[in-house]
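A.B. asks: This one is my_file-v9.txt, compact mmCIF, C-alpha atoms and all ligand atoms.
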# COMPACT_ATOMS: atom_id res chain seq x y z
CA MET A 1 13.83 19.48 -16.26
CA LYS A 2 14.31 22.82 -18.06
CA SER A 3 11.55 22.20 -20.56
CA LEU A 4 8.94 21.16 -17.99
CA PRO A 5 6.21 23.83 -17.66
CA SER A 6 5.90 24.93 -14.04
CA HIS A 7 2.30 23.67 -13.60
CA LEU A 8 3.32 20.20 -14.84
CA GLU A 9 6.35 20.18 -12.58
CA HIS A 10 4.13 21.11 -9.62
CA ILE A 11 1.49 18.45 -10.42
CA LEU A 12 3.93 15.60 -11.08
CA ASP A 13 6.08 16.56 -8.12
CA LEU A 14 3.02 16.04 -5.90
CA ALA A 15 1.72 12.96 -7.77
CA ARG A 16 4.91 11.00 -7.11
CA TRP A 17 4.03 11.01 -3.37
CA ALA A 18 1.37 8.37 -4.01
CA PRO A 19 1.95 5.20 -1.96
CA SER A 20 3.16 1.96 -3.51
CA GLY A 21 3.85 -1.50 -2.09
CA ASP A 22 7.36 -1.51 -0.57
CA ASN A 23 7.84 1.98 -2.03
CA THR A 24 8.53 0.52 -5.49
CA GLN A 25 7.08 3.59 -7.28
CA PRO A 26 6.18 1.58 -10.39
CA TRP A 27 5.67 4.58 -12.68
CA ALA A 28 7.36 7.01 -15.01
CA PHE A 29 6.21 10.21 -16.72
CA GLU A 30 6.58 11.15 -20.38
CA ILE A 31 5.72 14.75 -21.23
CA LEU A 32 3.80 14.93 -24.51
CA GLY A 33 2.82 18.61 -24.37
CA ASP A 34 2.13 21.51 -22.02
CA GLU A 35 -1.17 19.93 -21.00
CA GLN A 36 -0.50 16.28 -21.82
CA VAL A 37 1.42 13.58 -20.00
CA LEU A 38 1.79 9.88 -20.73
CA ILE A 39 1.98 7.84 -17.53
CA HIS A 40 3.85 4.54 -17.70
CA GLY A 41 2.74 2.02 -15.07
CA PHE A 42 4.85 -1.05 -14.40
CA ASP A 43 4.63 -4.01 -12.07
CA THR A 44 7.04 -6.27 -10.24
CA ARG A 45 5.28 -9.63 -10.51
CA ASP A 46 8.34 -11.31 -12.06
CA HIS A 47 10.41 -10.96 -8.88
CA VAL A 48 8.07 -9.92 -6.02
CA VAL A 49 5.96 -12.67 -4.48
CA TYR A 50 3.52 -10.05 -3.12
CA ASP A 51 2.75 -8.61 -6.56
CA LEU A 52 0.23 -11.31 -7.50
CA ASP A 53 -0.81 -10.71 -11.14
CA GLY A 54 0.56 -7.19 -10.70
CA HIS A 55 -2.58 -6.19 -8.76
CA PRO A 56 -0.83 -4.43 -5.86
CA SER A 57 1.21 -2.43 -8.39
CA GLN A 58 -2.01 -1.60 -10.25
CA LEU A 59 -3.51 -0.30 -6.98
CA ALA A 60 -0.45 1.91 -6.62
CA VAL A 61 -0.75 3.18 -10.20
CA GLY A 62 -4.42 3.94 -9.49
CA ALA A 63 -3.32 5.87 -6.40
CA LEU A 64 -0.84 7.78 -8.53
CA LEU A 65 -3.53 8.76 -11.07
CA GLU A 66 -5.90 9.89 -8.30
CA THR A 67 -3.13 11.90 -6.66
CA LEU A 68 -2.29 13.50 -9.98
CA ALA A 69 -5.96 14.45 -10.53
CA ILE A 70 -6.19 15.92 -7.01
CA ALA A 71 -2.89 17.79 -7.44
CA ALA A 72 -4.05 19.23 -10.77
CA THR A 73 -6.93 21.05 -9.05
CA SER A 74 -4.37 23.13 -7.16
CA THR A 75 -3.38 24.66 -10.53
CA GLY A 76 -7.01 25.19 -11.55
CA ARG A 77 -7.03 22.16 -13.85
CA ILE A 78 -9.24 19.14 -14.31
CA THR A 79 -7.87 15.88 -15.61
CA GLU A 80 -9.02 13.44 -18.26
CA ILE A 81 -7.34 10.05 -18.05
CA GLN A 82 -7.55 7.27 -20.62
CA ARG A 83 -5.75 3.98 -20.67
CA ARG A 84 -4.17 3.14 -24.01
CA PRO A 85 -5.43 -0.23 -25.18
CA GLY A 86 -3.17 -2.96 -26.48
CA THR A 87 -0.20 -2.68 -24.15
CA PRO A 88 0.87 -5.62 -21.95
CA ASP A 89 -0.48 -5.60 -18.38
CA THR A 90 3.11 -5.29 -17.17
CA HIS A 91 3.52 -1.94 -18.93
CA LEU A 92 0.35 0.14 -18.80
CA LEU A 93 0.04 3.50 -20.50
CA PHE A 94 -2.34 6.29 -19.49
CA ASP A 95 -2.90 9.46 -21.50
CA VAL A 96 -3.52 12.35 -19.17
CA HIS A 97 -5.00 15.55 -20.60
CA LEU A 98 -5.16 18.60 -18.36
CA ARG A 99 -7.58 21.46 -18.90
CA VAL A 100 -7.88 24.79 -17.12
CA LEU A 101 -11.36 25.30 -15.69
CA ALA A 102 -12.39 28.77 -14.57
CA ASP A 103 -13.09 29.08 -10.82
CA LEU A 104 -12.12 25.47 -10.07
CA ALA A 105 -11.55 25.08 -6.33
CA SER A 106 -8.48 23.23 -5.10
CA ASP A 107 -9.39 19.78 -3.74
CA PRO A 108 -9.27 19.86 0.10
CA LEU A 109 -7.12 16.71 -0.05
CA VAL A 110 -4.21 18.54 -1.77
CA PRO A 111 -2.42 19.49 1.50
CA HIS A 112 -2.50 15.83 2.54
CA ILE A 113 -0.70 14.38 -0.47
CA LYS A 114 2.72 14.82 1.15
CA THR A 115 1.74 14.38 4.79
CA ARG A 116 -0.05 11.02 4.33
CA VAL A 117 2.32 8.39 5.67
CA VAL A 118 2.28 4.77 6.86
CA GLN A 119 2.32 4.26 10.63
CA ARG A 120 3.52 0.71 11.36
CA ARG A 121 3.90 1.15 15.12
CA ALA A 122 1.38 1.09 17.96
CA MET A 123 -1.35 3.70 17.76
CA SER A 124 -3.94 4.94 20.24
CA THR A 125 -6.88 2.61 20.85
CA THR A 126 -9.30 5.57 21.04
CA ALA A 127 -12.24 4.54 18.86
CA LEU A 128 -13.08 6.41 15.66
CA THR A 129 -16.02 8.76 16.02
CA ALA A 130 -19.19 8.29 13.97
CA GLN A 131 -18.24 11.47 12.04
CA GLN A 132 -14.78 10.13 11.22
CA LYS A 133 -16.22 6.83 10.03
CA SER A 134 -18.80 8.47 7.84
CA ALA A 135 -16.22 10.92 6.38
CA LEU A 136 -14.06 7.91 5.49
CA ALA A 137 -16.98 5.96 4.00
CA ASP A 138 -18.00 9.07 2.03
CA ALA A 139 -14.46 9.39 0.66
CA LEU A 140 -15.06 6.22 -1.36
CA PRO A 141 -16.71 6.64 -4.76
CA ALA A 142 -19.96 4.78 -5.56
CA GLY A 143 -19.38 1.05 -5.92
CA TYR A 144 -17.05 0.71 -2.91
CA ARG A 145 -17.62 0.20 0.80
CA VAL A 146 -15.66 -0.12 4.02
CA VAL A 147 -16.06 -2.94 6.55
CA TRP A 148 -14.95 -2.02 10.10
CA PHE A 149 -13.46 -4.27 12.79
CA GLU A 150 -13.67 -2.36 16.05
CA GLY A 151 -13.66 -2.95 19.78
CA ALA A 152 -11.12 -4.97 21.76
CA GLY A 153 -12.54 -8.36 20.69
CA GLU A 154 -12.43 -7.68 16.95
CA ARG A 155 -9.05 -5.95 17.13
CA TRP A 156 -7.68 -8.99 18.94
CA ARG A 157 -9.18 -11.27 16.29
CA LEU A 158 -7.49 -9.27 13.52
CA ALA A 159 -4.22 -8.97 15.46
CA LYS A 160 -4.11 -12.76 15.85
CA PHE A 161 -4.99 -13.16 12.17
CA MET A 162 -2.08 -10.87 11.21
CA PHE A 163 0.25 -12.65 13.66
CA ASP A 164 -0.53 -16.03 12.08
CA ASN A 165 -0.30 -14.60 8.57
CA ALA A 166 3.13 -13.11 9.33
CA LYS A 167 4.56 -16.58 9.76
CA ILE A 168 4.21 -17.02 5.99
CA ARG A 169 5.93 -13.70 5.31
CA LEU A 170 8.84 -14.46 7.62
CA THR A 171 9.49 -18.09 6.78
CA ILE A 172 9.40 -18.34 3.00
CA PRO A 173 12.52 -17.72 0.91
CA GLU A 174 10.44 -15.99 -1.77
CA ALA A 175 9.47 -13.20 0.68
CA TYR A 176 12.99 -13.08 2.18
CA ALA A 177 14.35 -12.14 -1.25
CA VAL A 178 11.91 -9.23 -1.39
CA HIS A 179 12.55 -8.00 2.18
CA ARG A 180 16.30 -8.06 1.57
CA ALA A 181 15.88 -5.83 -1.45
CA VAL A 182 13.39 -3.32 -0.03
CA ILE A 183 14.73 -2.48 3.43
CA GLU A 184 17.34 0.28 3.65
CA TRP A 185 19.28 -0.50 6.83
CA GLY A 186 20.47 2.15 9.26
CA ALA A 187 18.17 4.72 7.69
CA ARG A 188 15.37 7.00 8.86
CA TYR A 189 14.45 8.06 5.31
CA SER A 190 14.74 6.26 2.01
CA GLU A 191 14.00 7.52 -1.49
CA ASP A 192 13.51 4.17 -3.16
CA ARG A 193 12.93 1.66 -0.34
CA ILE A 194 11.60 1.44 3.22
CA PRO A 195 14.05 2.72 5.89
CA ASP A 196 14.49 0.15 8.67
CA ALA A 197 13.43 2.77 11.23
CA ALA A 198 9.96 2.83 9.57
CA VAL A 199 9.55 -0.96 9.64
CA GLY A 200 8.21 -1.00 13.19
CA VAL A 201 10.65 -3.10 15.26
CA ASP A 202 12.79 -1.82 18.14
CA ALA A 203 16.44 -0.91 17.58
CA LEU A 204 17.81 -4.17 19.03
CA THR A 205 15.54 -6.39 16.94
CA SER A 206 16.39 -4.29 13.89
CA ARG A 207 20.13 -4.85 14.42
CA PHE A 208 19.52 -8.57 14.89
CA MET A 209 17.31 -8.77 11.78
CA ARG A 210 19.94 -6.93 9.75
CA TRP A 211 22.56 -9.50 10.66
CA VAL A 212 20.28 -12.53 10.23
CA MET A 213 18.90 -11.30 6.92
CA GLN A 214 22.33 -11.19 5.31
CA ARG A 215 21.93 -14.88 4.47
CA TRP A 216 18.88 -17.08 3.99
CA GLU A 217 20.64 -19.92 5.84
CA ARG A 218 20.72 -17.76 8.99
CA VAL A 219 17.03 -16.93 8.65
CA ALA A 220 16.12 -20.60 8.16
CA PHE A 221 18.31 -21.67 11.13
CA PHE A 222 16.85 -19.13 13.56
CA ASN A 223 13.32 -19.85 12.40
CA LYS A 224 13.75 -23.59 12.77
CA TYR A 225 15.62 -23.88 16.05
CA LEU A 226 15.06 -20.63 17.91
CA PHE A 227 11.62 -19.42 16.77
CA GLY A 228 13.33 -16.42 15.17
CA HIS A 229 10.08 -15.35 13.52
CA ILE A 230 8.30 -14.82 16.86
CA PRO A 231 9.84 -11.48 18.03
CA PRO A 232 9.21 -9.69 14.71
CA ARG A 233 5.68 -11.13 14.51
CA LEU A 234 4.94 -9.86 18.02
CA GLN A 235 6.35 -6.41 17.28
CA LEU A 236 5.12 -6.00 13.72
CA ASP A 237 1.76 -7.74 13.85
CA LEU A 238 0.29 -8.80 17.20
CA VAL A 239 0.97 -5.73 19.33
CA PRO A 240 0.23 -3.07 16.68
CA GLY A 241 -2.69 -5.18 15.48
CA PHE A 242 -4.31 -4.73 18.87
CA LEU A 243 -3.06 -1.20 19.49
CA CYS A 244 -5.05 0.79 16.95
CA ALA A 245 -8.57 2.21 16.72
CA ALA A 246 -9.81 -0.37 14.22
CA HIS A 247 -9.00 -2.58 11.27
CA PHE A 248 -10.84 -2.08 8.02
CA MET A 249 -11.39 -3.76 4.67
CA LEU A 250 -12.15 -1.88 1.46
CA CYS A 251 -14.39 -3.86 -0.88
CA ALA A 252 -15.89 -3.26 -4.29
CA ASP A 253 -19.51 -4.16 -4.98
CA LYS A 254 -18.27 -6.73 -7.54
CA PRO A 255 -15.20 -8.96 -7.69
CA LEU A 256 -12.17 -7.20 -9.14
CA VAL A 257 -11.24 -8.96 -12.37
CA GLN A 258 -9.72 -6.62 -14.96
CA VAL A 259 -6.66 -4.40 -14.69
CA ASP A 260 -9.00 -1.40 -14.85
CA ASP A 261 -10.88 -2.69 -11.78
CA HIS A 262 -7.64 -2.57 -9.80
CA ILE A 263 -6.68 0.84 -11.15
CA ALA A 264 -10.09 2.23 -10.15
CA ALA A 265 -9.83 0.56 -6.74
CA GLY A 266 -6.41 2.16 -6.23
CA ARG A 267 -7.96 5.56 -6.90
CA ALA A 268 -10.63 4.85 -4.26
CA MET A 269 -7.98 3.61 -1.80
CA GLN A 270 -5.99 6.81 -2.13
CA ARG A 271 -9.03 9.04 -1.50
CA PHE A 272 -9.74 6.98 1.63
CA TRP A 273 -6.13 7.23 2.84
CA LEU A 274 -5.82 10.98 2.15
CA THR A 275 -9.13 11.54 3.95
CA ALA A 276 -7.76 9.63 6.95
CA ASP A 277 -4.81 12.02 6.96
CA ARG A 278 -7.19 15.01 6.78
CA LEU A 279 -8.93 13.60 9.87
CA GLY A 280 -5.60 13.29 11.71
CA LEU A 281 -5.63 9.49 11.44
CA PHE A 282 -2.85 7.11 10.41
CA ILE A 283 -3.14 3.92 8.37
CA GLN A 284 -0.98 0.86 7.93
CA PRO A 285 -1.94 -1.34 4.99
CA GLU A 286 -2.26 -5.05 5.81
CA MET A 287 -2.03 -6.42 2.32
CA THR A 288 -0.19 -9.70 2.74
CA PRO A 289 -3.24 -11.70 3.96
CA VAL A 290 -5.25 -10.28 1.04
CA ILE A 291 -2.54 -11.56 -1.30
CA PHE A 292 -1.76 -14.92 0.32
CA SER A 293 -5.46 -15.80 0.63
CA ARG A 294 -5.96 -14.94 -3.04
CA TYR A 295 -3.09 -17.29 -3.92
CA ALA A 296 -4.85 -19.97 -1.85
CA ARG A 297 -8.21 -19.43 -3.58
CA ARG A 298 -6.49 -19.68 -6.99
CA GLY A 299 -4.59 -22.80 -5.95
CA ILE A 300 -1.26 -21.17 -6.91
CA THR A 301 1.95 -22.64 -5.46
CA PHE A 302 3.55 -19.33 -4.52
CA THR A 303 6.27 -20.87 -2.35
CA GLN A 304 8.27 -24.05 -2.13
CA THR A 305 7.49 -24.14 1.63
CA GLU A 306 4.59 -26.59 2.08
CA PRO A 307 3.56 -25.48 5.63
CA ALA A 308 3.19 -21.90 4.33
CA LEU A 309 0.84 -23.10 1.57
CA ARG A 310 -1.27 -24.89 4.21
CA LEU A 311 -1.28 -21.79 6.40
CA ALA A 312 -2.42 -19.64 3.44
CA ARG A 313 -5.36 -22.02 2.87
CA ASP A 314 -6.26 -21.82 6.58
CA LEU A 315 -6.04 -18.00 6.55
CA ASN A 316 -8.26 -17.92 3.50
CA ARG A 317 -10.91 -19.95 5.34
CA ARG A 318 -10.66 -17.56 8.31
CA LEU A 319 -10.91 -14.56 6.01
CA LEU A 320 -14.05 -15.96 4.37
CA ARG A 321 -15.67 -16.18 7.82
CA MET A 322 -15.00 -12.50 8.63
CA PRO A 323 -18.28 -10.67 9.23
CA GLY A 324 -19.31 -8.21 6.52
CA LEU A 325 -17.08 -9.70 3.85
CA SER A 326 -19.51 -11.17 1.34
CA ASP A 327 -17.01 -11.89 -1.47
CA ALA A 328 -13.27 -12.15 -0.82
CA ASP A 329 -12.52 -11.42 -4.50
CA ALA A 330 -14.12 -8.00 -4.03
CA LEU A 331 -11.69 -7.21 -1.18
CA PHE A 332 -8.79 -5.10 -2.44
CA PHE A 333 -7.31 -3.27 0.55
CA MET A 334 -7.06 -4.00 4.23
CA GLY A 335 -5.40 -2.09 7.03
CA ARG A 336 -5.32 -0.78 10.56
CA ILE A 337 -6.18 2.80 11.44
CA GLY A 338 -5.86 5.05 14.45
CA HIS A 339 -4.75 8.29 16.03
CA GLY A 340 -1.05 9.20 16.31
CA PRO A 341 1.68 9.50 17.23
CA ALA A 342 3.14 10.36 13.82
CA PRO A 343 5.97 8.08 12.67
CA ARG A 344 9.51 9.42 13.10
CA ALA A 345 10.80 7.68 9.99
CA ARG A 346 9.33 7.41 6.52
CA SER A 347 9.85 6.48 2.90
CA LEU A 348 10.62 9.41 0.63
CA ARG A 349 10.38 9.33 -3.16
CA LYS A 350 12.72 9.22 -6.14
CA PRO A 351 13.44 12.73 -7.48
CA LEU A 352 11.06 13.85 -10.21
CA GLY A 353 13.91 14.15 -12.71
CA GLY A 354 14.61 10.43 -12.40
CA LEU A 355 11.00 9.56 -13.19
CA LEU A 356 10.87 11.47 -16.48
CA ILE A 357 11.11 9.54 -19.74
CA HIS A 358 12.61 11.55 -22.59
CA ASN A 359 11.80 10.48 -26.13
C1 LIG A 401 -0.84 -1.60 -2.72
C2 LIG A 401 -0.04 -1.32 -1.47
C3 LIG A 401 0.24 -2.35 -0.59
C4 LIG A 401 0.93 -2.09 0.59
N1 LIG A 401 1.13 -3.10 1.48
C5 LIG A 401 1.68 -2.83 2.68
C6 LIG A 401 1.72 -3.82 3.70
O1 LIG A 401 1.23 -4.94 3.53
N2 LIG A 401 2.28 -3.51 4.90
C7 LIG A 401 2.80 -2.26 5.14
O2 LIG A 401 3.30 -2.02 6.23
N3 LIG A 401 2.77 -1.29 4.19
C8 LIG A 401 2.21 -1.55 2.98
N4 LIG A 401 2.11 -0.56 2.02
C9 LIG A 401 2.68 0.77 2.30
C10 LIG A 401 3.95 1.06 1.50
O3 LIG A 401 5.03 0.31 1.98
C11 LIG A 401 4.20 2.56 1.57
O4 LIG A 401 3.13 3.23 0.97
C12 LIG A 401 5.48 2.98 0.87
O5 LIG A 401 6.60 2.42 1.51
C13 LIG A 401 5.64 4.49 0.88
O6 LIG A 401 5.59 5.00 2.21
P1 LIG A 401 4.54 6.09 2.67
O7 LIG A 401 3.17 5.57 2.31
O8 LIG A 401 4.75 6.23 4.14
O9 LIG A 401 4.84 7.35 1.91
C14 LIG A 401 1.40 -0.78 0.86
C15 LIG A 401 1.11 0.26 -0.04
C16 LIG A 401 0.38 0.00 -1.18
C17 LIG A 401 0.04 1.12 -2.11
Any chance you could put this one into structure tokens?

C.D. replies:
Amino acid sequence: MKSLPSHLEHILDLARWAPSGDNTQPWAFEILGDEQVLIHGFDTRDHVVYDLDGHPSQLAVGALLETLAIAATSTGRITEIQRRPGTPDTHLLFDVHLRVLADLASDPLVPHIKTRVVQRRAMSTTALTAQQKSALADALPAGYRVVWFEGAGERWRLAKFMFDNAKIRLTIPEAYAVHRAVIEWGARYSEDRIPDAAVGVDALTSRFMRWVMQRWERVAFFNKYLFGHIPPRLQLDLVPGFLCAAHFMLCADKPLVQVDDHIAAGRAMQRFWLTADRLGLFIQPEMTPVIFSRYARRGITFTQTEPALRLARDLNRRLLRMPGLSDADALFFMGRIGHGPAPRARSLRKPLGGLLIHN
């Protein structure tokens, strides 16, 4: 990293803290000059059932670009970002040009780039204030809006929705393969995965899951004869789904169709999430129903497990009935939000040196 100018090192070192599904960090940085970086954005659709058409990875790449632009302001620079045309969707390229601007103020979100973190455990049920909700809505650029699900009745409705949805996640071999690869067992921190302590189950369930998840046959046996999926669904979905201030959905004004729509949505998502951190609030994304319901609407056979396909169609119908959601194809991010406590375990990031591409 000798040749990396200190402002670039500072900006990229912060940018890599952007969130990504299962902490995949689908990006790399190629330095083209003192004020020019080429960002490589990848996806994992070939082996991750959740990465439908690469859209979740594109959200993450959007979050990375937004984080980079926010970080650049702390060095007095503005950012111009252009996607290079003609590359495959699975390998996106973005030219980033930085420019010093006299008297540019540092973005107030800069201090929150590293402190923003997923909270997967129970949160306080204290409602969001009107000021918090409007600060969050204002964090979204024009063309995006937030739909809130608040109060005990709506939180219960969403908790039950997540509980039912989790049965898909925990009973299909396609998702098992992903979970096996992304959980780092016996860890409180993980640079390239999710440490089991941040997953959200208690220590005993975690030990049990670790043993069961060594082989798909064990998972299938416990699911079939002993309802093995119930304890994790209670701990990961039903209880935290109720114990939070609210659930929310982020929607665009139009359906998201192109790669660029998802990149732009990822930028909006990250501003929303960083603003939540500035307000002292935690978020847990709830992306799997967004993904499974999209599979159902497209009629895609995403698993060999027939009951899970039926459940995805049912969840899609329930999603379409959610108040305030006028077009499910405009929904790109869903989650729960609330006040602390802060999580005691978290995903870290790959070192910057490992993300640099040298040509
Ligand atoms: C597009 C996207 C989808 C995600 N989906 C989920 C999800 O469904 N459930 C969840 O608990 N976390 C989800 N996450 C959170 C990531 O697992 C998390 O950002 C990553 O592990 C890094 O951890 P950190 O955000 O605490 O730094 C998602 C993040 C992104 C950007």

A.B. asks: Using all atoms listed in the file, what does the table of chain A residues within 7 Å of ligand LIG 401 (chain A) look like, with each row giving the shortest atom pair and its distance in Å to one decimal, sorted by chain and ascending number, as JSON lines?

C.D. replies:
{"residue": "A:Trp17", "atom": "CA", "partner": "A:LIG401", "partner_atom": "O9", "distance": 6.5}
{"residue": "A:Ala18", "atom": "CA", "partner": "A:LIG401", "partner_atom": "O9", "distance": 6.9}
{"residue": "A:Pro19", "atom": "CA", "partner": "A:LIG401", "partner_atom": "O4", "distance": 3.7}
{"residue": "A:Ser20", "atom": "CA", "partner": "A:LIG401", "partner_atom": "C17", "distance": 3.5}
{"residue": "A:Gly21", "atom": "CA", "partner": "A:LIG401", "partner_atom": "C15", "distance": 3.8}
{"residue": "A:Asp22", "atom": "CA", "partner": "A:LIG401", "partner_atom": "O3", "distance": 3.9}
{"residue": "A:Asn23", "atom": "CA", "partner": "A:LIG401", "partner_atom": "O5", "distance": 3.8}
{"residue": "A:Pro56", "atom": "CA", "partner": "A:LIG401", "partner_atom": "C1", "distance": 4.2}
{"residue": "A:Ser57", "atom": "CA", "partner": "A:LIG401", "partner_atom": "C1", "distance": 6.1}
{"residue": "A:Leu59", "atom": "CA", "partner": "A:LIG401", "partner_atom": "C1", "distance": 5.2}
{"residue": "A:Ala60", "atom": "CA", "partner": "A:LIG401", "partner_atom": "C17", "distance": 4.6}
{"residue": "A:Arg116", "atom": "CA", "partner": "A:LIG401", "partner_atom": "O9", "distance": 6.6}
{"residue": "A:Val117", "atom": "CA", "partner": "A:LIG401", "partner_atom": "O8", "distance": 3.6}
{"residue": "A:Val118", "atom": "CA", "partner": "A:LIG401", "partner_atom": "O8", "distance": 4.0}
{"residue": "A:Arg120", "atom": "CA", "partner": "A:LIG401", "partner_atom": "O2", "distance": 5.8}
{"residue": "A:Arg193", "atom": "CA", "partner": "A:LIG401", "partner_atom": "O5", "distance": 6.6}
{"residue": "A:Ile194", "atom": "CA", "partner": "A:LIG401", "partner_atom": "O5", "distance": 5.4}
{"residue": "A:Gln284", "atom": "CA", "partner": "A:LIG401", "partner_atom": "O2", "distance": 5.4}
{"residue": "A:Pro285", "atom": "CA", "partner": "A:LIG401", "partner_atom": "C5", "distance": 4.5}
{"residue": "A:Glu286", "atom": "CA", "partner": "A:LIG401", "partner_atom": "O1", "distance": 4.2}
{"residue": "A:Met287", "atom": "CA", "partner": "A:LIG401", "partner_atom": "O1", "distance": 3.8}
{"residue": "A:Thr288", "atom": "CA", "partner": "A:LIG401", "partner_atom": "O1", "distance": 5.0}
{"residue": "A:Arg346", "atom": "CA", "partner": "A:LIG401", "partner_atom": "O8", "distance": 5.3}
{"residue": "A:Ser347", "atom": "CA", "partner": "A:LIG401", "partner_atom": "O6", "distance": 4.6}
{"residue": "A:Leu348", "atom": "CA", "partner": "A:LIG401", "partner_atom": "O9", "distance": 6.3}

A.B. asks: Here is a test: counting all atoms listed in the file, which residue of A:Ala264, A:Ala159, A:Ile172, A:Ile11 is nearest to Gln304 (chain A)?

C.D. replies: A:Ile172

A.B. asks: Choose the residue, out of A:Leu315, A:Ala246, A:Leu104, A:Ala181, that has the smallest atom-to-atom separation from Ala328 (chain A); count all atoms listed in the file.

C.D. replies: A:Leu315

A.B. asks: Considering all atoms listed in the file, can you say which of A:Lys254, A:Arg233, A:Lys224, A:Arg157 comes closest to Arg321 (chain A)?

C.D. replies: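 Of A:Lys254, A:Arg233, A:Lys224, A:Arg157, the one nearest Arg321 (chain A), counting all atoms listed in the file, is A:Arg157.
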
A.B. asks: For the atom pair CA of Thr126 (chain A) and CA of Leu243 (chain A), what is the interatomic distance in Å to one decimal place?

C.D. replies: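 Straight-line distance from CA of Thr126 (chain A) to CA of Leu243 (chain A) works out to 9.3 Å.
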